[in-house]
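Have a look at work12.tsv below; it lists TSV, C-alpha atoms and all ligand atoms.
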```tsv
chain	number	residue	atom	x	y	z
A	11	MET	CA	10.09	20.42	-0.81
A	12	HIS	CA	6.34	20.62	-1.08
A	13	TYR	CA	4.63	17.29	-1.61
A	14	VAL	CA	1.00	16.34	-2.16
A	15	VAL	CA	-0.17	13.01	-0.74
A	16	SER	CA	-3.47	11.79	-2.15
A	17	GLY	CA	-5.04	9.25	0.21
A	18	GLY	CA	-2.78	10.68	2.92
A	19	ALA	CA	-5.30	10.00	5.70
A	20	GLY	CA	-5.32	6.26	4.97
A	21	PHE	CA	-3.27	3.43	6.46
A	22	ILE	CA	-0.15	3.77	4.28
A	23	GLY	CA	-0.66	7.44	3.34
A	24	SER	CA	-0.70	8.56	6.99
A	25	HIS	CA	2.69	6.89	7.64
A	26	LEU	CA	4.09	8.49	4.49
A	27	SER	CA	2.72	11.92	5.48
A	28	GLU	CA	4.29	11.56	8.95
A	29	ALA	CA	7.65	10.60	7.42
A	30	LEU	CA	7.55	13.59	5.03
A	31	ALA	CA	6.54	16.02	7.78
A	32	SER	CA	9.26	14.75	10.10
A	33	SER	CA	11.84	15.41	7.36
A	34	GLY	CA	10.71	19.05	7.27
A	35	HIS	CA	8.77	19.00	3.98
A	36	ASP	CA	5.55	20.88	3.35
A	37	VAL	CA	2.76	18.32	2.98
A	38	THR	CA	-0.67	18.78	1.44
A	39	ILE	CA	-2.94	15.81	2.08
A	40	ILE	CA	-5.95	15.31	-0.17
A	41	ASP	CA	-8.36	12.67	1.08
A	42	ASP	CA	-12.12	12.23	0.86
A	43	LEU	CA	-12.01	10.29	4.15
A	44	SER	CA	-14.01	7.43	2.61
A	45	THR	CA	-11.80	4.94	4.46
A	46	GLY	CA	-9.09	7.24	5.85
A	47	LYS	CA	-9.44	9.00	9.20
A	48	GLU	CA	-8.24	12.39	10.41
A	49	GLU	CA	-7.25	10.78	13.71
A	50	TYR	CA	-4.52	8.83	11.82
A	51	LEU	CA	-2.88	12.23	11.30
A	52	SER	CA	-3.19	13.40	14.91
A	53	SER	CA	0.61	13.58	15.36
A	54	ILE	CA	1.06	16.03	12.44
A	55	LEU	CA	-2.20	17.97	12.06
A	56	THR	CA	-0.99	20.84	14.22
A	57	ASN	CA	2.28	21.07	12.26
A	58	PRO	CA	2.09	24.39	10.35
A	59	HIS	CA	3.72	22.71	7.33
A	60	VAL	CA	0.89	20.15	7.00
A	61	THR	CA	-2.46	20.91	5.33
A	62	CYS	CA	-5.24	18.37	5.16
A	63	ILE	CA	-7.92	18.97	2.53
A	64	ARG	CA	-11.06	16.88	2.48
A	65	ASP	CA	-11.69	16.45	-1.24
A	66	THR	CA	-11.84	13.84	-3.94
A	67	VAL	CA	-9.26	13.11	-6.64
A	68	GLN	CA	-12.19	12.64	-8.98
A	69	ASP	CA	-12.54	16.40	-9.52
A	70	VAL	CA	-9.64	17.38	-11.76
A	71	ILE	CA	-10.19	21.13	-11.42
A	72	SER	CA	-10.08	21.30	-7.63
A	73	LEU	CA	-7.27	18.73	-7.63
A	74	ALA	CA	-5.10	20.93	-9.87
A	75	ARG	CA	-5.82	23.90	-7.58
A	76	HIS	CA	-4.64	21.95	-4.51
A	77	CYS	CA	-1.49	20.77	-6.35
A	78	GLU	CA	-0.39	24.22	-7.55
A	79	GLY	CA	3.26	24.88	-6.60
A	80	ALA	CA	4.02	21.33	-5.42
A	81	ASP	CA	7.26	19.54	-6.32
A	82	GLY	CA	5.81	16.05	-6.39
A	83	ILE	CA	2.64	14.00	-5.84
A	84	PHE	CA	2.42	10.69	-4.01
A	85	HIS	CA	-0.79	9.18	-5.32
A	86	LEU	CA	-2.27	6.63	-2.93
A	87	ALA	CA	-5.99	7.46	-3.09
A	88	ALA	CA	-7.96	4.51	-4.42
A	89	MET	CA	-10.92	2.28	-3.68
A	90	VAL	CA	-8.87	-0.37	-1.92
A	91	SER	CA	-10.99	-3.47	-2.16
A	92	VAL	CA	-10.86	-6.35	-4.62
A	93	PRO	CA	-14.33	-7.69	-3.69
A	94	GLY	CA	-15.71	-4.11	-3.64
A	95	SER	CA	-14.35	-3.55	-7.15
A	96	ILE	CA	-16.02	-6.74	-8.36
A	97	GLU	CA	-19.33	-5.60	-6.89
A	98	TYR	CA	-19.02	-1.95	-7.99
A	99	PRO	CA	-16.67	-1.83	-11.02
A	100	LEU	CA	-17.69	1.68	-12.09
A	101	ARG	CA	-17.04	3.09	-8.62
A	102	SER	CA	-13.67	1.36	-8.57
A	103	HIS	CA	-12.82	2.71	-12.02
A	104	GLU	CA	-13.74	6.28	-11.08
A	105	ALA	CA	-11.95	6.37	-7.74
A	106	THR	CA	-8.86	4.42	-8.79
A	107	LEU	CA	-8.28	4.92	-12.51
A	108	THR	CA	-9.98	8.26	-13.17
A	109	GLY	CA	-8.31	9.44	-9.96
A	110	THR	CA	-4.89	8.42	-11.34
A	111	LEU	CA	-5.52	10.10	-14.69
A	112	ASN	CA	-6.61	13.27	-12.88
A	113	VAL	CA	-3.47	13.26	-10.74
A	114	LEU	CA	-1.30	12.93	-13.85
A	115	LEU	CA	-3.22	15.73	-15.60
A	116	ALA	CA	-2.83	17.98	-12.56
A	117	ALA	CA	0.90	17.20	-12.46
A	118	ARG	CA	1.28	17.98	-16.16
A	119	ASP	CA	-0.74	21.18	-16.03
A	120	CYS	CA	0.90	22.48	-12.84
A	121	GLY	CA	4.44	21.63	-14.00
A	122	ILE	CA	5.02	19.16	-11.14
A	123	ARG	CA	8.21	17.18	-11.53
A	124	LYS	CA	7.18	13.69	-10.44
A	125	VAL	CA	4.24	11.42	-9.58
A	126	VAL	CA	4.73	8.26	-7.50
A	127	HIS	CA	1.76	5.97	-8.03
A	128	ALA	CA	0.71	3.26	-5.56
A	129	SER	CA	0.23	0.13	-7.66
A	130	SER	CA	-0.25	-3.40	-6.39
A	131	ALA	CA	1.03	-6.97	-6.58
A	132	ALA	CA	-2.58	-7.74	-7.61
A	133	VAL	CA	-1.54	-6.94	-11.21
A	134	TYR	CA	0.41	-10.26	-11.30
A	135	GLY	CA	-2.75	-12.33	-10.69
A	136	ASN	CA	-2.26	-16.08	-10.29
A	137	LEU	CA	0.28	-16.76	-13.02
A	138	PRO	CA	3.06	-19.20	-12.13
A	139	GLY	CA	6.65	-18.02	-11.65
A	140	LEU	CA	8.30	-16.88	-8.42
A	141	PRO	CA	9.76	-14.64	-7.18
A	142	LYS	CA	7.78	-12.04	-9.12
A	143	ARG	CA	9.89	-9.73	-11.25
A	144	GLU	CA	8.58	-6.55	-12.83
A	145	ASP	CA	9.23	-7.89	-16.36
A	146	MET	CA	7.05	-10.98	-15.85
A	147	PRO	CA	3.63	-11.18	-17.52
A	148	VAL	CA	0.69	-9.68	-15.63
A	149	ASP	CA	-2.81	-11.07	-15.27
A	150	PRO	CA	-5.11	-8.63	-13.46
A	151	LEU	CA	-8.13	-10.60	-12.25
A	152	SER	CA	-10.41	-7.87	-10.84
A	153	PRO	CA	-11.49	-4.33	-11.75
A	154	TYR	CA	-9.20	-3.19	-8.91
A	155	ALA	CA	-6.16	-4.87	-10.49
A	156	VAL	CA	-7.12	-3.62	-13.96
A	157	ALA	CA	-7.30	-0.04	-12.62
A	158	LYS	CA	-3.85	-0.40	-11.02
A	159	TYR	CA	-2.32	-1.84	-14.20
A	160	ALA	CA	-3.96	0.78	-16.41
A	161	GLY	CA	-2.71	3.43	-13.97
A	162	GLU	CA	0.85	2.14	-14.49
A	163	GLN	CA	0.36	2.46	-18.25
A	164	TYR	CA	-0.97	6.03	-17.90
A	165	CYS	CA	2.12	6.85	-15.84
A	166	ARG	CA	4.41	5.46	-18.55
A	167	VAL	CA	2.62	7.37	-21.29
A	168	PHE	CA	2.53	10.67	-19.36
A	169	SER	CA	6.24	10.37	-18.81
A	170	ALA	CA	6.92	9.71	-22.52
A	171	LEU	CA	4.47	12.27	-23.92
A	172	TYR	CA	4.49	15.13	-21.44
A	173	GLY	CA	7.74	14.74	-19.51
A	174	VAL	CA	6.11	14.17	-16.10
A	175	GLU	CA	8.49	11.79	-14.28
A	176	THR	CA	6.57	8.78	-12.94
A	177	ALA	CA	7.16	5.66	-10.88
A	178	SER	CA	4.64	2.96	-10.02
A	179	LEU	CA	5.32	0.95	-6.88
A	180	ARG	CA	3.77	-2.52	-6.77
A	181	TYR	CA	3.22	-3.01	-3.06
A	182	PHE	CA	2.93	-6.59	-1.81
A	183	ASN	CA	1.28	-7.30	1.58
A	184	VAL	CA	1.77	-4.13	3.59
A	185	PHE	CA	1.17	-4.36	7.35
A	186	GLY	CA	1.55	-2.17	10.41
A	187	PRO	CA	-0.24	0.15	12.82
A	188	ARG	CA	-3.64	1.57	11.68
A	189	GLN	CA	-4.29	-1.21	9.23
A	190	ASP	CA	-7.97	-1.89	8.94
A	191	PRO	CA	-8.60	-5.53	9.94
A	192	ARG	CA	-11.26	-5.62	7.21
A	193	SER	CA	-8.74	-4.72	4.47
A	194	ASP	CA	-7.99	-7.32	1.81
A	195	TYR	CA	-4.26	-6.92	2.18
A	196	ALA	CA	-2.43	-8.64	5.00
A	197	ALA	CA	-5.66	-8.41	6.94
A	198	VAL	CA	-4.55	-11.74	8.30
A	199	ILE	CA	-2.15	-9.87	10.61
A	200	PRO	CA	-4.59	-7.51	12.39
A	201	ARG	CA	-7.12	-10.36	12.52
A	202	PHE	CA	-4.67	-12.79	14.12
A	203	ILE	CA	-3.63	-10.10	16.62
A	204	ALA	CA	-7.24	-9.29	17.48
A	205	ARG	CA	-8.04	-12.98	18.07
A	206	ILE	CA	-4.95	-13.62	20.20
A	207	ARG	CA	-5.59	-10.48	22.29
A	208	ALA	CA	-9.16	-11.72	22.88
A	209	GLY	CA	-7.73	-15.02	24.18
A	210	GLU	CA	-8.74	-16.93	21.02
A	211	SER	CA	-6.63	-19.00	18.64
A	212	PRO	CA	-5.85	-17.71	15.12
A	213	LEU	CA	-8.18	-18.92	12.35
A	214	ILE	CA	-6.39	-20.30	9.28
A	215	PHE	CA	-8.10	-21.03	5.96
A	216	GLY	CA	-6.55	-24.07	4.22
A	217	ASN	CA	-3.48	-25.84	5.57
A	218	GLY	CA	-1.59	-22.64	6.42
A	219	MET	CA	1.18	-23.45	3.91
A	220	GLN	CA	0.10	-20.58	1.63
A	221	THR	CA	2.76	-17.86	1.58
A	222	ARG	CA	2.85	-14.07	1.38
A	223	ASP	CA	5.48	-11.36	1.17
A	224	PHE	CA	4.76	-9.09	4.16
A	225	VAL	CA	6.37	-5.65	4.14
A	226	TYR	CA	6.28	-3.20	7.04
A	227	VAL	CA	4.47	0.08	6.35
A	228	LYS	CA	7.45	2.25	7.39
A	229	ASP	CA	9.61	0.53	4.76
A	230	VAL	CA	6.90	1.31	2.17
A	231	ALA	CA	6.80	4.98	3.23
A	232	LYS	CA	10.59	5.16	2.92
A	233	ALA	CA	10.54	3.54	-0.54
A	234	ASN	CA	8.08	6.20	-1.71
A	235	ILE	CA	10.37	9.00	-0.55
A	236	GLN	CA	13.49	7.36	-2.01
A	237	VAL	CA	11.94	6.91	-5.45
A	238	MET	CA	10.54	10.46	-5.39
A	239	GLU	CA	13.99	11.86	-4.62
A	240	ALA	CA	15.75	9.68	-7.22
A	241	LYS	CA	15.64	9.99	-10.99
A	242	SER	CA	14.25	6.44	-11.32
A	243	GLN	CA	11.14	5.89	-13.37
A	244	GLY	CA	9.09	2.79	-14.24
A	245	VAL	CA	7.55	-0.04	-12.24
A	246	PHE	CA	9.10	-1.41	-9.03
A	247	ASN	CA	8.12	-4.18	-6.61
A	248	ILE	CA	8.00	-3.00	-3.00
A	249	ALA	CA	8.07	-5.96	-0.64
A	250	SER	CA	10.39	-7.65	1.83
A	251	GLY	CA	11.65	-10.20	-0.68
A	252	ARG	CA	10.94	-12.93	1.89
A	253	GLU	CA	8.29	-15.63	1.65
A	254	THR	CA	6.41	-16.39	4.87
A	255	SER	CA	3.75	-19.06	5.35
A	256	VAL	CA	0.59	-18.25	7.25
A	257	ASN	CA	1.53	-21.03	9.71
A	258	ASP	CA	4.89	-19.34	10.38
A	259	LEU	CA	3.20	-15.96	10.77
A	260	ALA	CA	0.82	-17.43	13.39
A	261	ALA	CA	3.76	-19.05	15.21
A	262	ILE	CA	5.69	-15.74	15.39
A	263	LEU	CA	2.64	-13.88	16.71
A	264	LEU	CA	1.87	-16.55	19.31
A	265	ASP	CA	5.50	-16.38	20.41
A	266	LEU	CA	5.43	-12.55	20.64
A	267	PHE	CA	2.34	-12.77	22.84
A	268	ASN	CA	3.94	-15.65	24.72
A	269	VAL	CA	0.83	-17.85	24.43
A	270	LYS	CA	0.44	-21.43	23.22
A	271	PHE	CA	-2.84	-21.71	21.29
A	272	GLU	CA	-3.21	-24.23	18.46
A	273	PRO	CA	-4.49	-22.44	15.31
A	274	GLU	CA	-7.95	-23.48	14.12
A	275	TYR	CA	-8.07	-24.67	10.50
A	276	TYR	CA	-10.99	-24.04	8.12
A	277	PRO	CA	-11.53	-25.07	4.48
A	278	GLU	CA	-9.41	-23.23	1.93
A	279	ARG	CA	-11.03	-20.15	0.36
A	280	PRO	CA	-11.67	-20.47	-3.39
A	281	GLY	CA	-9.33	-18.50	-5.67
A	282	GLU	CA	-6.73	-17.88	-2.97
A	283	VAL	CA	-3.16	-17.34	-4.23
A	284	THR	CA	-1.00	-20.21	-2.91
A	285	ARG	CA	2.40	-18.55	-2.97
A	286	SER	CA	3.59	-14.96	-3.24
A	287	VAL	CA	7.02	-13.42	-3.00
A	288	ALA	CA	8.72	-10.55	-4.80
A	289	ASP	CA	12.14	-10.02	-6.31
A	290	ILE	CA	13.08	-6.56	-4.98
A	291	SER	CA	16.43	-6.19	-6.71
A	292	LEU	CA	15.20	-3.66	-9.28
A	293	ALA	CA	14.16	-1.16	-6.57
A	294	ARG	CA	17.41	-1.82	-4.72
A	295	GLN	CA	19.53	-1.09	-7.79
A	296	ALA	CA	17.45	1.88	-8.96
A	297	PHE	CA	17.04	3.87	-5.75
A	298	GLY	CA	18.70	1.96	-2.93
A	299	TYR	CA	15.53	0.38	-1.52
A	300	HIS	CA	16.43	-1.84	1.39
A	301	PRO	CA	13.71	-2.86	3.86
A	302	GLN	CA	14.87	-2.22	7.43
A	303	PHE	CA	12.23	-4.10	9.40
A	304	SER	CA	12.20	-7.87	9.82
A	305	LEU	CA	8.73	-9.40	10.02
A	306	ARG	CA	9.23	-9.99	13.75
A	307	ASP	CA	10.28	-6.38	14.44
A	308	GLY	CA	7.40	-4.99	12.38
A	309	LEU	CA	4.92	-7.25	14.16
A	310	SER	CA	6.23	-6.29	17.56
A	311	GLU	CA	5.89	-2.56	16.73
A	312	THR	CA	2.36	-3.19	15.41
A	313	ILE	CA	1.37	-5.00	18.62
A	314	SER	CA	2.79	-2.24	20.86
A	315	HIS	CA	0.87	0.32	18.86
A	316	MET	CA	-2.39	-1.65	19.16
A	317	GLN	CA	-1.87	-2.07	22.90
A	318	SER	CA	-1.30	1.65	23.44
A	319	ALA	CA	-4.28	2.67	21.22
B	1	LIG	N1	-2.44	-2.17	2.03
B	1	LIG	C1	-1.77	-2.88	1.12
B	1	LIG	O1	-1.20	-3.94	1.44
B	1	LIG	C2	-1.70	-2.42	-0.31
B	1	LIG	C3	-1.16	-3.31	-1.26
B	1	LIG	C4	-1.07	-2.89	-2.58
B	1	LIG	C5	-1.47	-1.62	-2.94
B	1	LIG	N2	-1.99	-0.80	-2.01
B	1	LIG	C6	-2.37	0.56	-2.45
B	1	LIG	O2	-1.85	1.51	-1.53
B	1	LIG	C7	-2.71	2.65	-1.47
B	1	LIG	C8	-3.07	2.95	-0.02
B	1	LIG	O3	-3.77	1.82	0.50
B	1	LIG	P1	-4.13	1.63	2.05
B	1	LIG	O4	-3.92	0.21	2.38
B	1	LIG	O5	-3.45	2.68	2.83
B	1	LIG	O6	-5.70	1.85	2.00
B	1	LIG	P2	-6.62	2.98	2.67
B	1	LIG	O7	-8.03	2.66	2.27
B	1	LIG	O8	-6.31	3.10	4.12
B	1	LIG	O9	-6.12	4.30	1.93
B	1	LIG	C9	-6.74	4.85	0.79
B	1	LIG	C10	-7.03	6.31	1.11
B	1	LIG	O10	-7.57	6.95	-0.07
B	1	LIG	C11	-8.71	7.72	0.32
B	1	LIG	N3	-9.56	7.80	-0.88
B	1	LIG	C12	-10.27	6.81	-1.47
B	1	LIG	N4	-10.91	7.28	-2.56
B	1	LIG	C13	-10.58	8.60	-2.67
B	1	LIG	C14	-10.92	9.63	-3.58
B	1	LIG	N5	-11.72	9.39	-4.63
B	1	LIG	N6	-10.41	10.87	-3.40
B	1	LIG	C15	-9.59	11.14	-2.34
B	1	LIG	N7	-9.24	10.18	-1.42
B	1	LIG	C16	-9.73	8.95	-1.60
B	1	LIG	C17	-9.32	6.97	1.47
B	1	LIG	O11	-10.14	7.77	2.31
B	1	LIG	C18	-8.07	6.48	2.21
B	1	LIG	O12	-7.62	7.44	3.13
B	1	LIG	C19	-3.91	2.33	-2.35
B	1	LIG	O13	-3.72	2.91	-3.62
B	1	LIG	C20	-3.86	0.81	-2.45
B	1	LIG	O14	-4.49	0.34	-3.63
B	1	LIG	C21	-2.14	-1.16	-0.71
```

Step by step, read the file and then write its structure as structure tokens.
Ligand SMILES: NC(=O)c1ccc[n+]([C@@H]2O[C@H](COP(=O)([O-])OP(=O)(O)OC[C@H]3O[C@@H](n4cnc5c(N)ncnc54)[C@H](O)[C@@H]3O)[C@@H](O)[C@H]2O)c1
Amino acid sequence: MHYVVSGGAGFIGSHLSEALASSGHDVTIIDDLSTGKEEYLSSILTNPHVTCIRDTVQDVISLARHCEGADGIFHLAAMVSVPGSIEYPLRSHEATLTGTLNVLLAARDCGIRKVVHASSAAVYGNLPGLPKREDMPVDPLSPYAVAKYAGEQYCRVFSALYGVETASLRYFNVFGPRQDPRSDYAAVIPRFIARIRAGESPLIFGNGMQTRDFVYVKDVAKANIQVMEAKSQGVFNIASGRETSVNDLAAILLDLFNVKFEPEYYPERPGEVTRSVADISLARQAFGYHPQFSLRDGLSETISHMQSA
């Protein structure tokens, strides 16, 4: 198959592009390299089936040209920052929502079968009710989350009106090699690792009892490919389905490094979500999603990668 990956030079997109290339697909990566890096693709750039195009998804005409003849588009390009979207809402709208609309238009006009859209657990906001199920109410609290939710709605409408198959994957806290420690998602993991490697104790905001649903990036890449290959459409949570406290995360990392620091505690950050965990049964039933990596295994692979980098 020939697949387009927008945002394919980013953290998650580069793992997805590697997985597609290693399965023998033709891959066209479209990335403006605003946060992505060509070096993330070093293992596949010389593969004759992989093309990397430095361009923006904000130009619908060039986008359609790059997508001509493709079987599917994985759309991951976005301005991936909640605080950035609050500071620059128009920029967030153009990169994330206009980008999604352009991808759907290109798919419609080029006769591409399916678009898989990277959405986010941010659409759930801070409403009570756990684990999060896809049919629960949403409460986007930032321009970033609004753009993701509106993108899901565009996907639904393009499927109903124009017959482009679509699926939106609501990723929870994705972690793994190449994750930018400054990212808003699961940045706690690369930050803890960086501190421990520097011989310092992890810094925890609040009492450390806040929880997250951490999912390893290779499981996210696999979910994208599974949903692309299946007939499934709609919105799906992509997570581990397990709730882990920040204290437990620190304890696992300290154990993996075999060191005995006491974490340092700082005052809780305002607006922080206290608990997060997903129900992943819909994705399991629809396309056989089943995360393979435990948190410990994913962390140990991430550490090895950082040590060899
Ligand atoms: N990391 C997470 O935990 C997480 C959680 C939920 C959703 N997501 C979503 O997953 C996707 C990938 O996120 P990531 O963590 O890999 O972030 P990332 O910043 O590493 O990847 C985004 C990629 O898109 C590219 N890009 C940005 N604007 C573009 C534009 N206008 N045109 C072309 N390329 C553009 C960037 O250069 C980058 O390579 C994003 O859509 C993000 O919103 C990520």

For segment 238-244 of chain A, find every residue with an atom within 10 Å (counting all atoms listed in the file), except residues of its own chain fewer than 6 positions away, and show them as an MDAnalysis selection string.
chainID A and resid 13 81:84 123:126 144 162:163 165:166 169 175:179 232 293 295:298

Counting only C-alpha atoms, note down every residue that has an atom within 12 Å of the point (19.6, -3.7, -1.4) (file coordinates), as a list in words.
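Within 12 Å of (19.6, -3.7, -1.4), the protein and nucleic acid residues are Ala233, Ile248, Ala249, Ser250, Gly251, Asp289, Ile290, Ser291, Leu292, Ala293, Arg294, Gln295, Ala296, Phe297, Gly298, Tyr299, His300, Pro301 and Gln302 of chain A.
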
Where does chain A meet ligand LIG 1 (chain B) within 8 Å, residue by residue, with the nearest atom pair and distance in Å to one decimal for each, counting only C-alpha atoms and all ligand atoms, listed by chain and rising number, as a tab-separated table?
```
residue	atom	partner	partner_atom	distance
A:Ser16	CA	B:LIG1	N7	6.0
A:Gly17	CA	B:LIG1	O10	3.4
A:Gly18	CA	B:LIG1	O12	5.8
A:Ala19	CA	B:LIG1	O12	4.3
A:Gly20	CA	B:LIG1	O12	3.2
A:Phe21	CA	B:LIG1	O5	3.7
A:Ile22	CA	B:LIG1	O5	3.8
A:Gly23	CA	B:LIG1	O5	5.5
A:Ser24	CA	B:LIG1	O5	7.7
A:Ile40	CA	B:LIG1	C15	5.9
A:Asp41	CA	B:LIG1	N7	3.6
A:Asp42	CA	B:LIG1	N7	4.2
A:Leu43	CA	B:LIG1	O11	3.6
A:Ser44	CA	B:LIG1	O11	3.9
A:Thr45	CA	B:LIG1	O11	3.9
A:Gly46	CA	B:LIG1	O12	3.1
A:Lys47	CA	B:LIG1	O12	6.5
A:Arg64	CA	B:LIG1	C15	7.6
A:Asp65	CA	B:LIG1	C15	5.8
A:Thr66	CA	B:LIG1	N6	3.3
A:Val67	CA	B:LIG1	N6	4.1
A:Gln68	CA	B:LIG1	N5	5.5
A:His85	CA	B:LIG1	O13	7.1
A:Leu86	CA	B:LIG1	O13	4.1
A:Ala87	CA	B:LIG1	O10	3.4
A:Ala88	CA	B:LIG1	C12	4.4
A:Met89	CA	B:LIG1	C12	5.1
A:Val90	CA	B:LIG1	O14	4.8
A:Ser91	CA	B:LIG1	O14	7.7
A:Glu104	CA	B:LIG1	N5	7.4
A:Ala105	CA	B:LIG1	N5	4.3
A:Thr106	CA	B:LIG1	N5	7.1
A:Gly109	CA	B:LIG1	N5	6.3
A:His127	CA	B:LIG1	O13	7.7
A:Ala128	CA	B:LIG1	O13	4.8
A:Ser129	CA	B:LIG1	C5	5.3
A:Ser130	CA	B:LIG1	C4	3.9
A:Ala131	CA	B:LIG1	C4	6.1
A:Ala132	CA	B:LIG1	C4	7.1
A:Tyr154	CA	B:LIG1	O14	7.9
A:Lys158	CA	B:LIG1	O14	7.5
A:Arg180	CA	B:LIG1	C4	6.4
A:Tyr181	CA	B:LIG1	C4	4.3
A:Phe182	CA	B:LIG1	C3	5.3
A:Asn183	CA	B:LIG1	O1	4.2
A:Val184	CA	B:LIG1	O1	3.7
A:Phe185	CA	B:LIG1	O1	6.4
A:Gln189	CA	B:LIG1	O8	7.0
A:Asp190	CA	B:LIG1	O8	7.1
A:Ser193	CA	B:LIG1	O4	7.2
A:Asp194	CA	B:LIG1	N1	7.6
A:Tyr195	CA	B:LIG1	O1	4.3
A:Ala196	CA	B:LIG1	O1	6.0
```

Shell around Pro187 of chain A at 12 Å using only C-alpha atoms, local window under 5 positions removed, as a list in words
Gly20, Phe21, Ile22, Gly23, Ser24, His25, Tyr50, Ala196, Ala197, Ile199, Pro200, Ile203, Tyr226, Val227, Lys228, Gly308, Leu309, Ser310, Glu311, Thr312, Ile313, Ser314, His315, Met316, Gln317, Ser318 and Ala319 of chain A

Go ahead and save the residues from that selection, with C-alpha atoms, as an mmCIF file, keeping the file's coordinate frame.
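Result file result.cif:
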```
data_model
loop_
_atom_site.group_PDB
_atom_site.id
_atom_site.type_symbol
_atom_site.label_atom_id
_atom_site.label_comp_id
_atom_site.auth_asym_id
_atom_site.auth_seq_id
_atom_site.Cartn_x
_atom_site.Cartn_y
_atom_site.Cartn_z
ATOM 1 C CA GLY A 20 -5.320 6.260 4.970
ATOM 2 C CA PHE A 21 -3.270 3.430 6.460
ATOM 3 C CA ILE A 22 -0.150 3.770 4.280
ATOM 4 C CA GLY A 23 -0.660 7.440 3.340
ATOM 5 C CA SER A 24 -0.700 8.560 6.990
ATOM 6 C CA HIS A 25 2.690 6.890 7.640
ATOM 7 C CA TYR A 50 -4.520 8.830 11.820
ATOM 8 C CA ALA A 196 -2.430 -8.640 5.000
ATOM 9 C CA ALA A 197 -5.660 -8.410 6.940
ATOM 10 C CA ILE A 199 -2.150 -9.870 10.610
ATOM 11 C CA PRO A 200 -4.590 -7.510 12.390
ATOM 12 C CA ILE A 203 -3.630 -10.100 16.620
ATOM 13 C CA TYR A 226 6.280 -3.200 7.040
ATOM 14 C CA VAL A 227 4.470 0.080 6.350
ATOM 15 C CA LYS A 228 7.450 2.250 7.390
ATOM 16 C CA GLY A 308 7.400 -4.990 12.380
ATOM 17 C CA LEU A 309 4.920 -7.250 14.160
ATOM 18 C CA SER A 310 6.230 -6.290 17.560
ATOM 19 C CA GLU A 311 5.890 -2.560 16.730
ATOM 20 C CA THR A 312 2.360 -3.190 15.410
ATOM 21 C CA ILE A 313 1.370 -5.000 18.620
ATOM 22 C CA SER A 314 2.790 -2.240 20.860
ATOM 23 C CA HIS A 315 0.870 0.320 18.860
ATOM 24 C CA MET A 316 -2.390 -1.650 19.160
ATOM 25 C CA GLN A 317 -1.870 -2.070 22.900
ATOM 26 C CA SER A 318 -1.300 1.650 23.440
ATOM 27 C CA ALA A 319 -4.280 2.670 21.220
#
```

Provide an axis-aligned box for all listed atoms of segment 245-260 of chain A, padding each side by 5 Å; report its centre and its edge lengths in Å to one decimal, as AutoDock Vina command-line options.
```
--center_x 6.1 --center_y -10.5 --center_z 0.6 --size_x 21.1 --size_y 31.0 --size_z 35.6
```

Any idea what the distance is between atom CA of Gly218 of chain A and atom CA of Val256 of chain A?
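The value is 5.0 Å.
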
With N, CA, C and O atoms as the goal, would you fill in the gaps in segment 183-190 of chain A and present it as a compact mmCIF listing (two decimals), keeping the file's coordinate frame?
```txt
# COMPACT_ATOMS: atom_id res chain seq x y z
N ASN A 183 2.20 -7.35 0.44
CA ASN A 183 1.28 -7.30 1.58
C ASN A 183 1.80 -6.37 2.67
O ASN A 183 2.63 -6.77 3.49
N VAL A 184 1.30 -5.15 2.65
CA VAL A 184 1.77 -4.13 3.59
C VAL A 184 1.06 -4.35 4.93
O VAL A 184 -0.15 -4.62 4.96
N PHE A 185 1.81 -4.23 6.03
CA PHE A 185 1.17 -4.36 7.35
C PHE A 185 1.76 -3.34 8.30
O PHE A 185 2.83 -2.76 8.03
N GLY A 186 1.04 -3.09 9.40
CA GLY A 186 1.55 -2.17 10.41
C GLY A 186 0.41 -1.49 11.14
O GLY A 186 -0.76 -1.78 10.90
N PRO A 187 0.77 -0.56 12.05
CA PRO A 187 -0.24 0.15 12.82
C PRO A 187 -1.25 0.84 11.91
O PRO A 187 -0.88 1.33 10.84
N ARG A 188 -2.49 0.90 12.35
CA ARG A 188 -3.64 1.57 11.68
C ARG A 188 -4.22 0.75 10.53
O ARG A 188 -5.08 1.25 9.81
N GLN A 189 -3.71 -0.44 10.33
CA GLN A 189 -4.29 -1.21 9.23
C GLN A 189 -5.68 -1.68 9.62
O GLN A 189 -5.89 -2.22 10.71
N ASP A 190 -6.59 -1.49 8.70
CA ASP A 190 -7.97 -1.89 8.94
C ASP A 190 -8.06 -3.42 8.89
O ASP A 190 -7.72 -4.01 7.86
```
